[in-house]
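*Asks:* Okay, so here is protein-v1.txt, and as you'll see once you scroll down, it has compact mmCIF, C-alpha atoms and all ligand atoms.
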# COMPACT_ATOMS: atom_id res chain seq x y z
CA MET X 280 27.06 -3.55 10.88
CA HIS X 281 26.44 -1.31 7.90
CA VAL X 282 24.51 1.82 8.86
CA TYR X 283 22.19 3.03 6.11
CA ASP X 284 21.63 6.71 5.49
CA PHE X 285 18.03 7.88 5.60
CA ASP X 286 18.88 11.47 6.54
CA THR X 287 20.38 12.80 3.32
CA VAL X 288 17.92 14.83 1.29
CA ILE X 289 18.18 13.67 -2.32
CA ASP X 290 17.04 16.10 -5.01
CA ARG X 291 14.31 14.30 -6.96
CA LYS X 292 13.22 17.27 -9.03
CA ARG X 293 13.44 16.80 -12.79
CA THR X 294 13.59 13.00 -12.50
CA ASN X 295 10.05 12.48 -13.91
CA SER X 296 8.93 11.79 -10.34
CA VAL X 297 5.14 11.94 -9.94
CA LYS X 298 5.58 13.17 -6.41
CA TRP X 299 8.12 15.92 -7.15
CA ASP X 300 7.56 16.90 -10.78
CA PHE X 301 3.82 16.47 -11.25
CA CYS X 302 2.26 17.79 -8.06
CA THR X 303 -0.82 19.75 -9.12
CA CYS X 304 -2.03 20.46 -5.59
CA CYS X 305 -1.78 24.23 -6.05
CA ASP X 306 -1.20 25.97 -9.34
CA GLY X 307 1.62 28.46 -9.17
CA ALA X 308 3.04 27.19 -5.88
CA ASP X 309 6.75 27.27 -6.62
CA GLN X 310 8.06 26.03 -3.26
CA MET X 311 5.79 22.99 -2.88
CA LEU X 312 7.05 20.33 -0.48
CA PRO X 313 5.45 17.14 -1.79
CA MET X 314 4.39 14.67 0.91
CA TRP X 315 1.66 12.93 -1.05
CA VAL X 316 2.27 10.04 -3.54
CA ALA X 317 3.24 6.90 -1.61
CA ASP X 318 6.85 6.41 -2.51
CA MET X 319 9.75 7.22 -0.21
CA ASP X 320 12.52 9.77 -0.74
CA PHE X 321 15.27 7.32 0.26
CA GLN X 322 17.69 5.51 -2.00
CA SER X 323 16.92 1.82 -2.31
CA PRO X 324 19.24 -0.74 -0.68
CA PRO X 325 22.72 -0.62 -2.27
CA GLU X 326 22.34 -4.18 -3.59
CA VAL X 327 19.27 -3.05 -5.54
CA MET X 328 21.11 -0.10 -7.03
CA GLU X 329 24.03 -2.38 -7.98
CA ALA X 330 21.66 -4.85 -9.65
CA VAL X 331 20.06 -2.09 -11.73
CA LEU X 332 23.45 -0.65 -12.68
CA ARG X 333 24.68 -4.10 -13.74
CA VAL X 334 21.72 -4.47 -16.09
CA ALA X 335 22.07 -0.89 -17.33
CA GLY X 336 25.75 -1.42 -18.09
CA HIS X 337 25.07 -4.41 -20.28
CA GLY X 338 23.46 -2.19 -22.87
CA VAL X 339 21.21 -4.81 -24.45
CA TYR X 340 17.69 -4.61 -23.09
CA GLY X 341 15.90 -7.34 -25.00
CA TYR X 342 12.90 -9.47 -24.00
CA SER X 343 13.34 -10.95 -20.58
CA GLU X 344 11.84 -13.62 -18.36
CA MET X 345 11.93 -14.21 -14.62
CA PRO X 346 14.48 -16.91 -13.64
CA SER X 347 13.66 -19.44 -10.92
CA GLY X 348 15.91 -17.48 -8.54
CA TYR X 349 13.48 -14.57 -8.76
CA TYR X 350 10.60 -16.69 -7.53
CA ASP X 351 12.79 -18.42 -4.94
CA ALA X 352 13.77 -15.06 -3.47
CA ILE X 353 10.11 -14.04 -3.07
CA VAL X 354 9.05 -17.39 -1.60
CA SER X 355 11.91 -17.30 0.86
CA TRP X 356 11.07 -13.71 1.88
CA LEU X 357 7.42 -14.58 2.55
CA ASP X 358 8.47 -17.60 4.55
CA THR X 359 11.10 -15.91 6.73
CA ARG X 360 9.32 -12.56 7.19
CA HIS X 361 5.69 -13.65 7.36
CA ARG X 362 5.83 -17.39 8.09
CA TRP X 363 3.77 -17.92 4.96
CA SER X 364 4.88 -20.90 2.95
CA VAL X 365 3.80 -20.69 -0.70
CA GLN X 366 4.87 -22.69 -3.73
CA PRO X 367 6.71 -20.76 -6.48
CA GLY X 368 4.01 -21.99 -8.86
CA SER X 369 1.41 -19.92 -6.98
CA LEU X 370 3.07 -16.66 -8.03
CA SER X 371 2.13 -14.56 -11.03
CA TYR X 372 3.80 -11.40 -12.25
CA SER X 373 1.87 -8.17 -12.40
CA PRO X 374 3.22 -4.69 -13.10
CA GLY X 375 1.16 -3.40 -10.19
CA VAL X 376 -1.00 -4.67 -7.38
CA ILE X 377 -3.82 -2.50 -8.69
CA THR X 378 -3.42 -4.07 -12.13
CA GLY X 379 -3.77 -7.45 -10.41
CA MET X 380 -6.85 -6.23 -8.56
CA ASN X 381 -8.47 -5.18 -11.84
CA VAL X 382 -7.63 -8.47 -13.54
CA ALA X 383 -9.08 -10.35 -10.54
CA ILE X 384 -12.27 -8.29 -10.62
CA GLN X 385 -12.70 -8.91 -14.34
CA THR X 386 -11.85 -12.60 -14.11
CA PHE X 387 -13.79 -13.64 -11.02
CA THR X 388 -16.81 -11.33 -10.96
CA ALA X 389 -19.41 -10.25 -13.50
CA PRO X 390 -20.74 -6.80 -14.44
CA GLY X 391 -23.32 -5.74 -11.87
CA ASP X 392 -21.85 -7.88 -9.08
CA ARG X 393 -21.36 -6.20 -5.73
CA ILE X 394 -17.83 -5.80 -4.36
CA ILE X 395 -16.99 -4.64 -0.84
CA LEU X 396 -14.38 -2.08 0.16
CA GLN X 397 -13.69 -0.49 3.52
CA SER X 398 -13.37 3.29 3.32
CA PRO X 399 -11.56 5.52 3.84
CA VAL X 400 -9.29 3.54 1.54
CA TYR X 401 -6.68 3.94 -1.22
CA PRO X 402 -8.67 5.58 -4.06
CA PRO X 403 -8.03 2.95 -6.81
CA PHE X 404 -10.11 0.45 -4.79
CA LEU X 405 -13.23 2.45 -5.55
CA ALA X 406 -12.15 3.14 -9.13
CA SER X 407 -11.37 -0.53 -9.79
CA ILE X 408 -14.90 -1.54 -8.83
CA ARG X 409 -16.63 1.29 -10.68
CA ASN X 410 -14.49 1.22 -13.82
CA ASN X 411 -15.29 -2.46 -14.28
CA GLY X 412 -19.03 -1.86 -14.02
CA ARG X 413 -19.41 -3.54 -10.63
CA GLN X 414 -21.33 -2.09 -7.69
CA VAL X 415 -19.56 -0.65 -4.66
CA VAL X 416 -20.55 -1.83 -1.20
CA ASN X 417 -18.89 0.35 1.41
CA ASN X 418 -18.30 -1.35 4.72
CA GLN X 419 -16.96 1.86 6.24
CA LEU X 420 -14.36 1.59 9.00
CA VAL X 421 -15.36 2.88 12.43
CA LEU X 422 -13.20 4.90 14.79
CA ARG X 423 -13.27 3.41 18.29
CA ASP X 424 -11.06 4.75 21.07
CA GLY X 425 -8.75 6.44 18.58
CA ARG X 426 -8.32 3.32 16.43
CA TYR X 427 -10.03 2.38 13.18
CA GLU X 428 -11.78 -0.98 13.21
CA MET X 429 -13.84 -3.06 10.82
CA ASP X 430 -17.61 -2.96 11.28
CA PHE X 431 -18.35 -6.68 11.22
CA ASP X 432 -22.03 -6.33 12.16
CA ALA X 433 -22.67 -3.94 9.28
CA LEU X 434 -20.71 -6.23 6.96
CA GLU X 435 -22.96 -9.21 7.72
CA GLU X 436 -25.98 -7.09 6.85
CA GLN X 437 -24.47 -5.62 3.69
CA ILE X 438 -23.73 -8.95 2.02
CA ASP X 439 -26.44 -10.27 -0.31
CA ASP X 440 -26.72 -12.78 -3.18
CA ARG X 441 -25.01 -10.46 -5.68
CA THR X 442 -22.00 -9.83 -3.41
CA ARG X 443 -18.97 -11.70 -4.76
CA MET X 444 -15.73 -10.18 -3.53
CA LEU X 445 -14.15 -8.13 -0.78
CA LEU X 446 -11.14 -5.89 -1.37
CA LEU X 447 -9.04 -6.08 1.77
CA CYS X 448 -6.39 -3.45 2.41
CA SER X 449 -3.95 -5.04 4.85
CA PRO X 450 -2.15 -3.15 6.34
CA HIS X 451 -4.62 -0.39 5.68
CA ASN X 452 -3.84 2.73 3.67
CA PRO X 453 -4.54 5.46 4.84
CA VAL X 454 -5.44 4.64 8.46
CA GLY X 455 -2.30 2.59 9.15
CA ARG X 456 -3.99 -0.37 10.81
CA VAL X 457 -2.13 -3.67 10.86
CA TRP X 458 -5.09 -5.96 11.29
CA THR X 459 -4.70 -8.45 14.14
CA ARG X 460 -5.00 -12.17 13.56
CA ALA X 461 -8.24 -12.11 15.60
CA GLU X 462 -9.74 -9.42 13.34
CA LEU X 463 -8.70 -11.27 10.20
CA GLU X 464 -10.09 -14.53 11.54
CA ARG X 465 -13.43 -12.86 12.19
CA LEU X 466 -13.40 -11.49 8.66
CA ALA X 467 -12.41 -14.92 7.33
CA ASP X 468 -15.37 -16.49 9.09
CA ILE X 469 -17.73 -14.02 7.40
CA VAL X 470 -16.31 -14.38 3.90
CA GLN X 471 -16.39 -18.15 4.20
CA ARG X 472 -19.99 -18.31 5.41
CA HIS X 473 -21.07 -16.00 2.59
CA ASP X 474 -18.87 -17.65 -0.02
CA LEU X 475 -17.00 -14.46 -0.97
CA LEU X 476 -13.68 -14.15 -2.76
CA VAL X 477 -11.07 -11.81 -1.29
CA PHE X 478 -8.50 -9.71 -3.07
CA ALA X 479 -5.97 -9.02 -0.29
CA ASP X 480 -3.85 -5.99 -1.12
CA GLU X 481 -0.85 -6.58 1.16
CA ILE X 482 1.52 -4.18 -0.55
CA HIS X 483 2.32 -2.56 2.82
CA GLY X 484 2.75 -5.91 4.59
CA ASP X 485 6.50 -5.52 5.11
CA LEU X 486 6.14 -2.02 6.55
CA VAL X 487 5.03 -2.85 10.05
CA PHE X 488 6.29 -1.09 13.17
CA PRO X 489 7.81 -2.86 16.19
CA GLY X 490 5.12 -4.44 18.36
CA PHE X 491 2.80 -5.23 15.45
CA HIS X 492 2.60 -8.27 13.25
CA HIS X 493 1.27 -8.62 9.73
CA THR X 494 -0.67 -11.81 9.07
CA PRO X 495 -1.16 -12.65 5.38
CA PHE X 496 -4.89 -13.25 5.00
CA ALA X 497 -4.37 -16.34 2.85
CA SER X 498 -2.13 -17.87 5.51
CA LEU X 499 -5.05 -18.21 7.94
CA SER X 500 -6.19 -21.59 6.59
CA PRO X 501 -6.26 -23.66 3.39
CA GLU X 502 -9.97 -22.83 3.02
CA ILE X 503 -9.26 -19.11 3.14
CA SER X 504 -6.28 -19.45 0.85
CA ALA X 505 -8.53 -21.19 -1.70
CA ARG X 506 -10.71 -18.05 -1.99
CA THR X 507 -7.99 -15.41 -1.76
CA ILE X 508 -5.89 -13.62 -4.37
CA THR X 509 -3.08 -11.70 -2.70
CA GLY X 510 -1.05 -8.80 -4.07
CA VAL X 511 2.40 -8.11 -2.63
CA ALA X 512 5.34 -6.16 -4.05
CA PRO X 513 8.88 -4.98 -3.36
CA SER X 514 7.77 -1.54 -4.55
CA LYS X 515 6.80 0.11 -1.25
CA THR X 516 9.12 -2.00 0.92
CA PHE X 517 12.33 -1.14 -0.95
CA ASN X 518 11.19 2.00 -2.75
CA ILE X 519 11.23 0.64 -6.30
CA ALA X 520 7.65 1.48 -7.35
CA GLY X 521 8.88 3.03 -10.60
CA LEU X 522 10.22 -0.33 -11.77
CA LYS X 523 6.72 -1.84 -11.89
CA ALA X 524 7.09 -5.33 -10.45
CA SER X 525 4.40 -6.82 -8.24
CA VAL X 526 3.50 -10.35 -7.30
CA ILE X 527 0.04 -11.90 -7.32
CA ILE X 528 -0.29 -15.04 -5.21
CA THR X 529 -3.16 -17.43 -5.91
CA GLU X 530 -2.85 -20.82 -4.22
CA ASN X 531 -6.09 -22.06 -5.75
CA THR X 532 -4.75 -23.69 -8.93
CA ARG X 533 -7.93 -23.29 -10.96
CA MET X 534 -8.16 -19.62 -10.08
CA ARG X 535 -4.48 -19.05 -10.77
CA HIS X 536 -4.80 -20.52 -14.25
CA ALA X 537 -7.81 -18.30 -14.92
CA PHE X 538 -5.93 -15.26 -13.62
CA ASP X 539 -2.80 -16.01 -15.67
CA GLN X 540 -4.80 -16.64 -18.82
CA ALA X 541 -6.66 -13.36 -18.45
CA GLN X 542 -3.42 -11.46 -17.87
CA GLU X 543 -1.61 -13.01 -20.80
CA ARG X 544 -4.37 -13.30 -23.37
CA VAL X 545 -6.41 -10.23 -22.60
CA PHE X 546 -3.78 -7.84 -21.36
CA GLY X 547 -0.56 -9.24 -22.83
CA LEU X 548 1.12 -9.16 -19.42
CA TYR X 549 3.44 -12.02 -18.69
CA THR X 550 6.85 -10.78 -17.68
CA ALA X 551 8.60 -7.95 -15.91
CA ASN X 552 11.15 -5.62 -17.49
CA VAL X 553 14.88 -6.44 -17.21
CA PHE X 554 15.51 -3.84 -14.52
CA ALA X 555 12.57 -4.91 -12.38
CA ILE X 556 13.59 -8.57 -12.44
CA ALA X 557 17.11 -7.86 -11.23
CA ALA X 558 16.03 -5.24 -8.69
CA ALA X 559 13.20 -7.26 -7.16
CA GLU X 560 15.32 -10.36 -6.75
CA ALA X 561 18.17 -8.37 -5.16
CA ALA X 562 15.72 -6.55 -2.88
CA TYR X 563 14.11 -9.69 -1.53
CA ARG X 564 17.44 -11.51 -1.27
CA TYR X 565 19.60 -8.80 0.30
CA GLY X 566 17.31 -5.94 1.36
CA GLY X 567 16.31 -7.23 4.81
CA PRO X 568 19.00 -5.38 6.82
CA TRP X 569 18.13 -2.12 5.02
CA LEU X 570 14.45 -2.55 5.83
CA ASP X 571 15.28 -3.37 9.44
CA GLN X 572 16.86 0.06 9.75
CA ALA X 573 14.27 1.89 7.64
CA LEU X 574 11.40 0.78 9.89
CA PRO X 575 12.67 2.35 13.14
CA TYR X 576 13.53 5.49 11.16
CA LEU X 577 9.94 5.67 9.89
CA ALA X 578 8.58 4.95 13.38
CA ALA X 579 10.69 7.84 14.71
CA ASN X 580 9.27 10.10 11.98
CA VAL X 581 5.77 9.14 13.14
CA GLU X 582 6.73 9.91 16.72
CA TYR X 583 8.17 13.26 15.67
CA VAL X 584 4.92 14.22 13.90
CA GLN X 585 2.83 13.17 16.91
CA GLN X 586 4.96 15.26 19.25
CA ARG X 587 4.85 18.31 17.02
CA LEU X 588 1.07 18.03 16.61
CA ALA X 589 0.61 17.78 20.38
CA ARG X 590 2.93 20.71 21.02
CA ASP X 591 2.32 23.08 18.12
CA ILE X 592 -0.93 22.14 16.39
CA PRO X 593 -3.14 20.49 19.04
CA GLN X 594 -6.24 21.17 16.93
CA VAL X 595 -4.92 18.60 14.41
CA SER X 596 -4.60 14.93 15.37
CA ALA X 597 -3.41 11.71 13.76
CA VAL X 598 -4.37 8.13 14.52
CA GLN X 599 -1.28 6.17 15.49
CA PRO X 600 -0.20 4.14 12.44
CA GLU X 601 0.85 0.55 13.18
CA GLY X 602 2.55 0.25 9.79
CA THR X 603 2.99 1.95 6.36
CA PHE X 604 4.79 5.30 5.95
CA LEU X 605 1.54 7.22 5.84
CA MET X 606 -0.34 9.16 8.50
CA TRP X 607 -4.01 10.08 8.49
CA LEU X 608 -4.38 13.63 9.76
CA ASN X 609 -7.66 14.88 11.17
CA PHE X 610 -8.20 18.62 10.65
CA SER X 611 -11.93 18.61 11.38
CA LYS X 612 -11.61 20.57 14.63
CA LEU X 613 -10.54 23.56 12.52
CA GLY X 614 -14.10 23.73 11.18
CA LEU X 615 -12.91 24.49 7.63
CA SER X 616 -14.63 23.31 4.49
CA GLN X 617 -12.55 20.78 2.55
CA ALA X 618 -11.94 23.41 -0.15
CA ALA X 619 -10.68 25.88 2.46
CA LEU X 620 -8.52 23.17 4.03
CA ARG X 621 -6.98 22.38 0.64
CA GLU X 622 -6.33 26.05 0.00
CA THR X 623 -4.72 26.47 3.44
CA ILE X 624 -2.45 23.42 3.25
CA PHE X 625 -1.64 23.23 -0.44
CA CYS X 626 -1.42 26.92 -1.35
CA GLY X 627 -0.87 28.52 2.06
CA ALA X 628 1.64 26.11 3.60
CA GLN X 629 2.76 24.82 0.18
CA VAL X 630 2.79 21.25 1.46
CA GLY X 631 1.43 18.63 -0.93
CA LEU X 632 -0.74 16.13 0.95
CA ASN X 633 -3.48 13.77 -0.30
CA ASP X 634 -6.97 15.21 0.09
CA GLY X 635 -8.90 13.01 2.52
CA THR X 636 -12.06 13.07 0.41
CA SER X 637 -10.26 11.14 -2.36
CA PHE X 638 -10.27 8.13 0.01
CA GLY X 639 -14.06 7.98 -0.03
CA GLU X 640 -16.56 8.26 2.80
CA GLY X 641 -14.94 9.09 6.11
CA GLY X 642 -12.29 11.22 4.43
CA ASP X 643 -13.88 14.60 4.93
CA GLY X 644 -11.82 16.87 7.19
CA HIS X 645 -8.75 14.66 6.71
CA MET X 646 -5.52 14.62 4.73
CA ARG X 647 -2.88 11.94 4.30
CA ILE X 648 0.77 12.79 4.87
CA ASN X 649 3.68 10.66 3.65
CA ILE X 650 6.50 10.54 6.22
CA GLY X 651 8.73 8.23 4.12
CA CYS X 652 11.41 10.89 3.82
CA PRO X 653 14.39 12.33 5.68
CA ARG X 654 13.55 13.78 9.12
CA ALA X 655 14.52 17.27 7.92
CA MET X 656 11.69 17.15 5.38
CA VAL X 657 9.19 15.97 7.96
CA GLU X 658 10.26 18.84 10.20
CA GLU X 659 9.89 21.31 7.35
CA GLY X 660 6.46 19.98 6.37
CA VAL X 661 5.03 20.11 9.89
CA SER X 662 6.54 23.55 10.50
CA ARG X 663 4.96 24.90 7.32
CA ILE X 664 1.56 23.54 8.35
CA ALA X 665 1.92 24.89 11.90
CA ALA X 666 2.77 28.31 10.51
CA VAL X 667 -0.53 28.67 8.60
CA LEU X 668 -2.89 27.28 11.26
C1 LIG A 1 -2.79 -0.07 -0.63
C2 LIG A 1 -2.09 0.18 -1.92
N1 LIG A 1 -2.26 -0.67 -2.94
C3 LIG A 1 -1.65 -0.49 -4.13
C4 LIG A 1 -0.84 0.59 -4.34
C5 LIG A 1 -0.23 0.78 -5.69
O1 LIG A 1 0.39 -0.36 -6.05
P1 LIG A 1 0.85 -0.65 -7.53
O2 LIG A 1 1.70 0.50 -7.95
O3 LIG A 1 1.62 -1.91 -7.36
O4 LIG A 1 -0.39 -0.81 -8.33
C6 LIG A 1 -0.63 1.51 -3.32
C7 LIG A 1 0.21 2.69 -3.55
O5 LIG A 1 0.17 3.65 -2.86
C8 LIG A 1 -1.26 1.30 -2.08
O6 LIG A 1 -1.08 2.13 -1.06
Can you present the structure in this file as structure tokens?

*Replies:*
Amino acid sequence: MHVYDFDTVIDRKRTNSVKWDFCTCCDGADQMLPMWVADMDFQSPPEVMEAVLRVAGHGVYGYSEMPSGYYDAIVSWLDTRHRWSVQPGSLSYSPGVITGMNVAIQTFTAPGDRIILQSPVYPPFLASIRNNGRQVVNNQLVLRDGRYEMDFDALEEQIDDRTRMLLLCSPHNPVGRVWTRAELERLADIVQRHDLLVFADEIHGDLVFPGFHHTPFASLSPEISARTITGVAPSKTFNIAGLKASVIITENTRMRHAFDQAQERVFGLYTANVFAIAAAEAAYRYGGPWLDQALPYLAANVEYVQQRLARDIPQVSAVQPEGTFLMWLNFSKLGLSQAALRETIFCGAQVGLNDGTSFGEGGDGHMRINIGCPRAMVEEGVSRIAAVL
């Protein structure tokens, strides 16, 4: 069996990396350890690198189109990994899941409509609703027995005649929940009774720790599939976010046509770039064994952080993530203002995290840390934080 290397620290500085070259957490901090933007510091599976190098070596980078093998690789991945059987014709290209979310909002809702999100949540959810002139309905998650849950009772009360869509984050960034089938079925019952559409952002769906199981929302039933637009991508799973290739899955034919037309006519988006096509196909076709080793490595990073918090920084806690490579740290016992917390972590410890308040209500007193990196970096990051608290 090939053993993949997740331990080597790869220098990403001066590679135009958002995470490493554009961290503005603290002006003047020259030793910043960036653990914010959600990409990983690992090399992608070797087959992905080989595919990109093959394309690069050709030297002609003209207009491209996705071959049937590209779609077959995605369909086969969804089937074997998630027992979700979709037709290749249900797939649309999108450069990003958030692009797809915006197109869906513009195509299937009208200005002034109400759209639900569940905060604290990945900041572009809020921006996508607001920037399109729709109203935000926040069905805030609740923390019960150390685990975030959906507030179904509140949700029933929040939905009214102008409510059209729910933005589901599954698995959830930043709280790391992998929603159970029972939770999703309860949500499905509500959206069906209230005739809502769902945009299911399942970009983290492959990043699920042992003992947990990701259920694609649209796979629950044909009725649910008919009202769901799903975004998936190889970007988080295989660390190729910079290549900009995501997949939007709409099994409702009428809705898929509307989505595709909007993308092509309004936004001029219809195909991926040459590198993304080759990389995504190789990732889905050959990347499974790499992912199967990356996941236990990430789970061990999580465990390491939990142990260090318990031992060295007991005033800081983290909910146990069930998936993703992100952890939601709770600093509220320190009693610091958010500004003082930022100053302490960003400028004092020189560790770049995501400010909890950027995730909306429920984010105060929190920060998100990205543990998708070699263990040595996780150790360094936690040690720096421990040293200033
Ligand atoms: C939940 C979630 N959705 C979407 C994205 C971004 O996806 P894309 O780059 O495909 O728009 C991220 C990135 O962190 C994310 O965490």

*Asks:* Can you measure atom CA of X:Leu588 to atom CA of X:Ala628 for me? One decimal in Å is fine.

*Replies:* 15.3 Å

*Asks:* Can you tell me, as a list in words, what residues are no more than 12 Å from X:Ser347 when counting only C-alpha atoms, ignoring any on the same chain fewer than 3 positions away?

*Replies:*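 The neighbour list is Glu344, Tyr350, Asp351, Ala352, Ile353, Val354, Gln366, Pro367, Gly368, Leu370, Ile556 and Glu560 of chain X.
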
*Asks:* Take atom CA of X:Val470 and atom CA of X:Tyr401 and report the distance between them in Å, one decimal.

*Replies:*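 Atom-to-atom, atom CA of X:Val470 and atom CA of X:Tyr401 are spaced 21.3 Å apart.
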
*Asks:* Expressed in Å to a single decimal, how great is the separation between atom CA of X:Asn452 and atom CA of X:Gly651?

*Replies:* 13.7 Å

*Asks:* Which chains and residue numbers are within 6 Å of ligand LIG 1 (chain A), counting only C-alpha atoms and all ligand atoms, if I want them as an mmCIF file with C-alpha atoms, in the coordinates of the input?

*Replies:*
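What landed in selection.cif:
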data_model
loop_
_atom_site.group_PDB
_atom_site.id
_atom_site.type_symbol
_atom_site.label_atom_id
_atom_site.label_comp_id
_atom_site.auth_asym_id
_atom_site.auth_seq_id
_atom_site.Cartn_x
_atom_site.Cartn_y
_atom_site.Cartn_z
ATOM 1 C CA ALA X 317 3.240 6.900 -1.610
ATOM 2 C CA GLY X 375 1.160 -3.400 -10.190
ATOM 3 C CA VAL X 376 -1.000 -4.670 -7.380
ATOM 4 C CA ILE X 377 -3.820 -2.500 -8.690
ATOM 5 C CA THR X 378 -3.420 -4.070 -12.130
ATOM 6 C CA TYR X 401 -6.680 3.940 -1.220
ATOM 7 C CA CYS X 448 -6.390 -3.450 2.410
ATOM 8 C CA ASN X 452 -3.840 2.730 3.670
ATOM 9 C CA ASP X 480 -3.850 -5.990 -1.120
ATOM 10 C CA ILE X 482 1.520 -4.180 -0.550
ATOM 11 C CA SER X 525 4.400 -6.820 -8.240
#
